[in-house]
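K.L.:
What follows is a structure written as structure tokens; I'll ask about it next.
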Amino acid sequence: MSTTTTEALSATTLLRFATAGSVDDGKSTLVGRLLHDSKSVLSDQLEAVERASASRGQEGPDLALLTDGLRAEREQGITIDVAYRYFATPRRRFILADTPGHVQYTRNMVTGASTAELTVILVDARNGVVEQTRRHAAIAALLRVPHVVLAVNKMDLVGYEEKVFAAIAEEFTAYASELGVPEITAIPISALAGDNVVEPSANMDWYGGPTVLEHLETVPVSHDLAHCHARLPVQYVIRPQTAEHPDYRGYAGQIAAGTFRVGDPVTVLPSGRTTTISGIDLLGEPVDVAWTTQSVTVLLTDDIDVSRGDLIVPTKDAPATTQDVEATVCHVADEPLTVGHRVLLKHGTRTVKAIVKDIPSRLTLDDLSLHPHPGRLVANDIGRVKIRTAEPLPVDSYADSRRTGSFILIDPSDGTTLTAGMVGESFASPEPVKDESEADGWDF
């Protein structure tokens with residue numbers, strides 16, 4: 001890659017997006033077509049796909065094989081695990097999470113879409129909006145994904161009829177808008193034929209909107225985290241204790257949100273001690289200001305106790321600390337999550353003991369109804385939980401910050417990830433439920 005190309009790519013913005021769709025909606029074919037037609041596939045990869053396709057008796061390359069990498073995926077013709085792909089065009093860089101469509105792999109979609117700024121939801125034009133389509137829209141809304149693309153696929157199998165597309169787009173838009181999805185863009189495509197994926201379709205002259213790639217390249221990527229509540233989870237305390245730096249004490253971490261400047265008054269949580277920023281080091285060089293996603297070392301004016309797991313925040317914009325966390329969660333482990341379950345809660349760089357005090361409701365994504373007091377959540381369930389932690393945690397609402405408003409629950413016996421959580425209210429808040437205390441060693 002030339003120096004000019006490298007400089008051009010470094011100046012482009014980055015879009016993280018996820019794909020989702022029901023089984024056989026053509027999602028993997030869409031991703032394969034997107035990679036193939038945007039010239040993002042290496043020649044040896046394409047040759048391997050052509051050989052695999054020929055061995056299965058297919059005349060042309062099966063582009064779905066570009067993303068379905070597991071043997072079970074290829075044999076069954078389905079997507080099982082989340083597949084990440086990295087590619088770029090002259091206008092933008094992309095990180096793509098291709099997520100499964102099966103109901104039993106709902107947890108995989110939550111994983112893939114949790115950091116996405118855009119989700120592409122596929123619909124088979126012959127089937128329209130189905131139960132799994134509504135489920136994927138609901139998950140996108142729960143995860144606060146700001147942009148949703150409805151890709152109405154297999155338009156070639158319905159004669160490229162505008163009325164078919166319009167009916168599906170209207171139904172989906174009404175449903176997703178009710179869930180609170182802020183922006184919905186509907187695009188008619190044929191992933192197999194390449195219509196409106198990278199190149200405009202000659203078969204749908206009634207459609208005047210962007211292709212899928214054009215929309216991905218031009219959708220606003222706000223990255224407004226730089227203007228959000230500033231948050232720096234401390235990952236490591238740096239003490240060189242060398243002749244050159246005998247008294248150096250810095251607090252290193254990746255800025256989760258917002259902007260920090262030298263001279264800013266800050267508070268260290270959960271202790272609540274206050275001080276000011278005396279210096280910021282970025283890549284070994286001092287800077288006056290640093291912002292979201294940059295990995296920095298912050299120096300403080302006062303010699304106060306700061307360790308891994310602490311959170312440095314602006315004094316005027318500090319979140320409240322609490323030992324009682326209410327959240328919407330998606331259970332991802334095979335072992336059920338039950339009331340009274342002893343867990344570890346990992347929030348940012350801090351991990352504390354916790355206990356599940358209550359599970360007020362389980363969400364039925366098919367119709368967004370609530371099943372009260374289920375007692376437990378099993379794999380792929382989404383529900384509300386109340387958790388009591390052993391130590392105070394400075395948590396934001398997930399609606400305000402996807403980084404500092406999220407957490408995971410971990411099995412303390414073997415380190416297995418049990419549950420992914422989003423602090424605060426969801427689009428379907430349950431009725432308040434009275435806490436029930438537990439008389440054991442984990443009742444904090």
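To be explicit about the labels: the chains of the structure tokens are called A, B, and onward in the order shown, and within each one the residues are counted from 1, while ligands get numbers from 1 in the order they are shown.
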Can you list, as a PDB file with C-alpha atoms, in the first residue's frame, every residue of stretch 76-288 of chain A that DSSP puts in helix (DSSP H, G or I)?

P.N.:
ATOM      1  CA  GLN A  76     -25.712 -26.121   6.740  1.00  0.00           C
ATOM      2  CA  VAL A 103     -33.554 -17.410  17.240  1.00  0.00           C
ATOM      3  CA  GLN A 104     -31.170 -19.531  19.332  1.00  0.00           C
ATOM      4  CA  TYR A 105     -28.284 -17.249  18.370  1.00  0.00           C
ATOM      5  CA  THR A 106     -29.939 -14.020  19.545  1.00  0.00           C
ATOM      6  CA  ARG A 107     -27.068 -13.561  22.013  1.00  0.00           C
ATOM      7  CA  ASN A 108     -24.621 -13.467  19.089  1.00  0.00           C
ATOM      8  CA  MET A 109     -26.512 -10.580  17.519  1.00  0.00           C
ATOM      9  CA  VAL A 110     -26.368  -8.699  20.814  1.00  0.00           C
ATOM     10  CA  THR A 111     -22.602  -9.202  20.853  1.00  0.00           C
ATOM     11  CA  GLY A 112     -22.134  -8.034  17.269  1.00  0.00           C
ATOM     12  CA  ALA A 113     -24.462  -5.024  17.472  1.00  0.00           C
ATOM     13  CA  GLU A 131     -41.170 -12.528  13.726  1.00  0.00           C
ATOM     14  CA  GLN A 132     -37.377 -12.566  13.533  1.00  0.00           C
ATOM     15  CA  THR A 133     -37.394  -9.201  11.736  1.00  0.00           C
ATOM     16  CA  ARG A 134     -39.278  -7.681  14.651  1.00  0.00           C
ATOM     17  CA  ARG A 135     -36.878  -9.356  17.072  1.00  0.00           C
ATOM     18  CA  HIS A 136     -33.860  -7.846  15.323  1.00  0.00           C
ATOM     19  CA  ALA A 137     -35.483  -4.403  15.263  1.00  0.00           C
ATOM     20  CA  ALA A 138     -36.204  -4.676  18.977  1.00  0.00           C
ATOM     21  CA  ILE A 139     -32.599  -5.622  19.763  1.00  0.00           C
ATOM     22  CA  ALA A 140     -31.308  -2.699  17.685  1.00  0.00           C
ATOM     23  CA  ALA A 141     -33.610  -0.392  19.670  1.00  0.00           C
ATOM     24  CA  LEU A 142     -32.537  -1.891  23.008  1.00  0.00           C
ATOM     25  CA  MET A 155     -36.395  -8.280  -5.249  1.00  0.00           C
ATOM     26  CA  ASP A 156     -35.591 -10.240  -8.410  1.00  0.00           C
ATOM     27  CA  LEU A 157     -37.908 -13.008  -7.160  1.00  0.00           C
ATOM     28  CA  VAL A 158     -40.899 -10.642  -6.930  1.00  0.00           C
ATOM     29  CA  GLU A 162     -42.248  -1.291  -6.250  1.00  0.00           C
ATOM     30  CA  LYS A 163     -45.492  -1.978  -4.375  1.00  0.00           C
ATOM     31  CA  VAL A 164     -43.979  -5.047  -2.691  1.00  0.00           C
ATOM     32  CA  PHE A 165     -41.038  -2.995  -1.437  1.00  0.00           C
ATOM     33  CA  ALA A 166     -43.232  -0.077  -0.365  1.00  0.00           C
ATOM     34  CA  ALA A 167     -45.538  -2.281   1.726  1.00  0.00           C
ATOM     35  CA  ILE A 168     -42.641  -3.944   3.553  1.00  0.00           C
ATOM     36  CA  ALA A 169     -40.852  -0.630   4.134  1.00  0.00           C
ATOM     37  CA  GLU A 170     -44.002   0.968   5.530  1.00  0.00           C
ATOM     38  CA  GLU A 171     -44.722  -1.893   7.932  1.00  0.00           C
ATOM     39  CA  PHE A 172     -41.156  -2.111   9.222  1.00  0.00           C
ATOM     40  CA  THR A 173     -40.732   1.657   9.589  1.00  0.00           C
ATOM     41  CA  ALA A 174     -43.918   1.921  11.658  1.00  0.00           C
ATOM     42  CA  TYR A 175     -42.776  -0.891  13.975  1.00  0.00           C
ATOM     43  CA  ALA A 176     -39.193   0.325  14.397  1.00  0.00           C
ATOM     44  CA  SER A 177     -40.299   3.916  14.958  1.00  0.00           C
ATOM     45  CA  GLU A 178     -42.591   2.734  17.752  1.00  0.00           C
ATOM     46  CA  LEU A 179     -39.555   1.134  19.390  1.00  0.00           C
ATOM     47  CA  VAL A 212     -26.209  -0.019   0.345  1.00  0.00           C
ATOM     48  CA  LEU A 213     -22.528   0.912  -0.001  1.00  0.00           C
ATOM     49  CA  GLU A 214     -23.320   4.532  -0.832  1.00  0.00           C
ATOM     50  CA  HIS A 215     -25.422   4.818   2.296  1.00  0.00           C
ATOM     51  CA  LEU A 216     -22.711   3.176   4.400  1.00  0.00           C
ATOM     52  CA  GLU A 217     -20.187   5.642   3.013  1.00  0.00           C
ATOM     53  CA  THR A 218     -22.311   8.733   3.607  1.00  0.00           C
ATOM     54  CA  ASP A 224     -20.330  12.594  19.476  1.00  0.00           C
ATOM     55  CA  LEU A 225     -18.757  10.744  22.385  1.00  0.00           C
ATOM     56  CA  ALA A 226     -16.246  13.592  22.353  1.00  0.00           C
ATOM     57  CA  HIS A 227     -19.095  15.853  23.486  1.00  0.00           C
TER      58      HIS A 227
END

K.L.:
Using only C-alpha atoms, determine which residues lie at most 8 Å from A:Val306, disregarding the query and same-chain residues fewer than 6 positions distant; provide the list as a list in words.

P.N.:
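Listing them by chain and then by number gives Val237, Tyr251 and Val268 of chain A.
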
K.L.:
Using only C-alpha atoms, determine which residues lie at most 10 Å from A:Ile95, disregarding the query and same-chain residues fewer than 2 positions distant; provide the list as a ChimeraX atom specification.

P.N.:
/A:14-18,84-88,93,97-98,116

K.L.:
Write out as a list in words each polymer residue whose atoms come within 9 Å of A:Ile355, counting only C-alpha atoms; drop sequence neighbours fewer than 6 positions from it.

P.N.:
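Listing them by chain and then by number gives Val339, Gly340, His341, Arg342, Val343, Leu344, Leu345, Lys386, Ile387, Arg388, Thr389, Ala390, Trp442, Asp443 and Phe444 of chain A.
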
K.L.:
Env of A:Asp264: 6 Å cut, atoms = only C-alpha atoms, seq-sep filter 2 positions within chain, self excluded. Answer as a compact mmCIF listing (two decimals) with C-alpha atoms, in the first residue's frame.

P.N.:
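out-v7.txt, written as the output of this step:
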# COMPACT_ATOMS: atom_id res chain seq x y z
CA ARG A 261 -7.85 19.10 29.20
CA VAL A 262 -4.89 20.10 31.32
CA THR A 276 -6.93 18.78 38.82
CA ILE A 277 -5.21 17.43 35.70

K.L.:
Can you pull out the residues contacting A:Ile184? Cut-off 7 Å, using only C-alpha atoms, and skip same-chain residues under 4 positions away; I want them as a ChimeraX atom specification.

P.N.:
/A:147-149,173
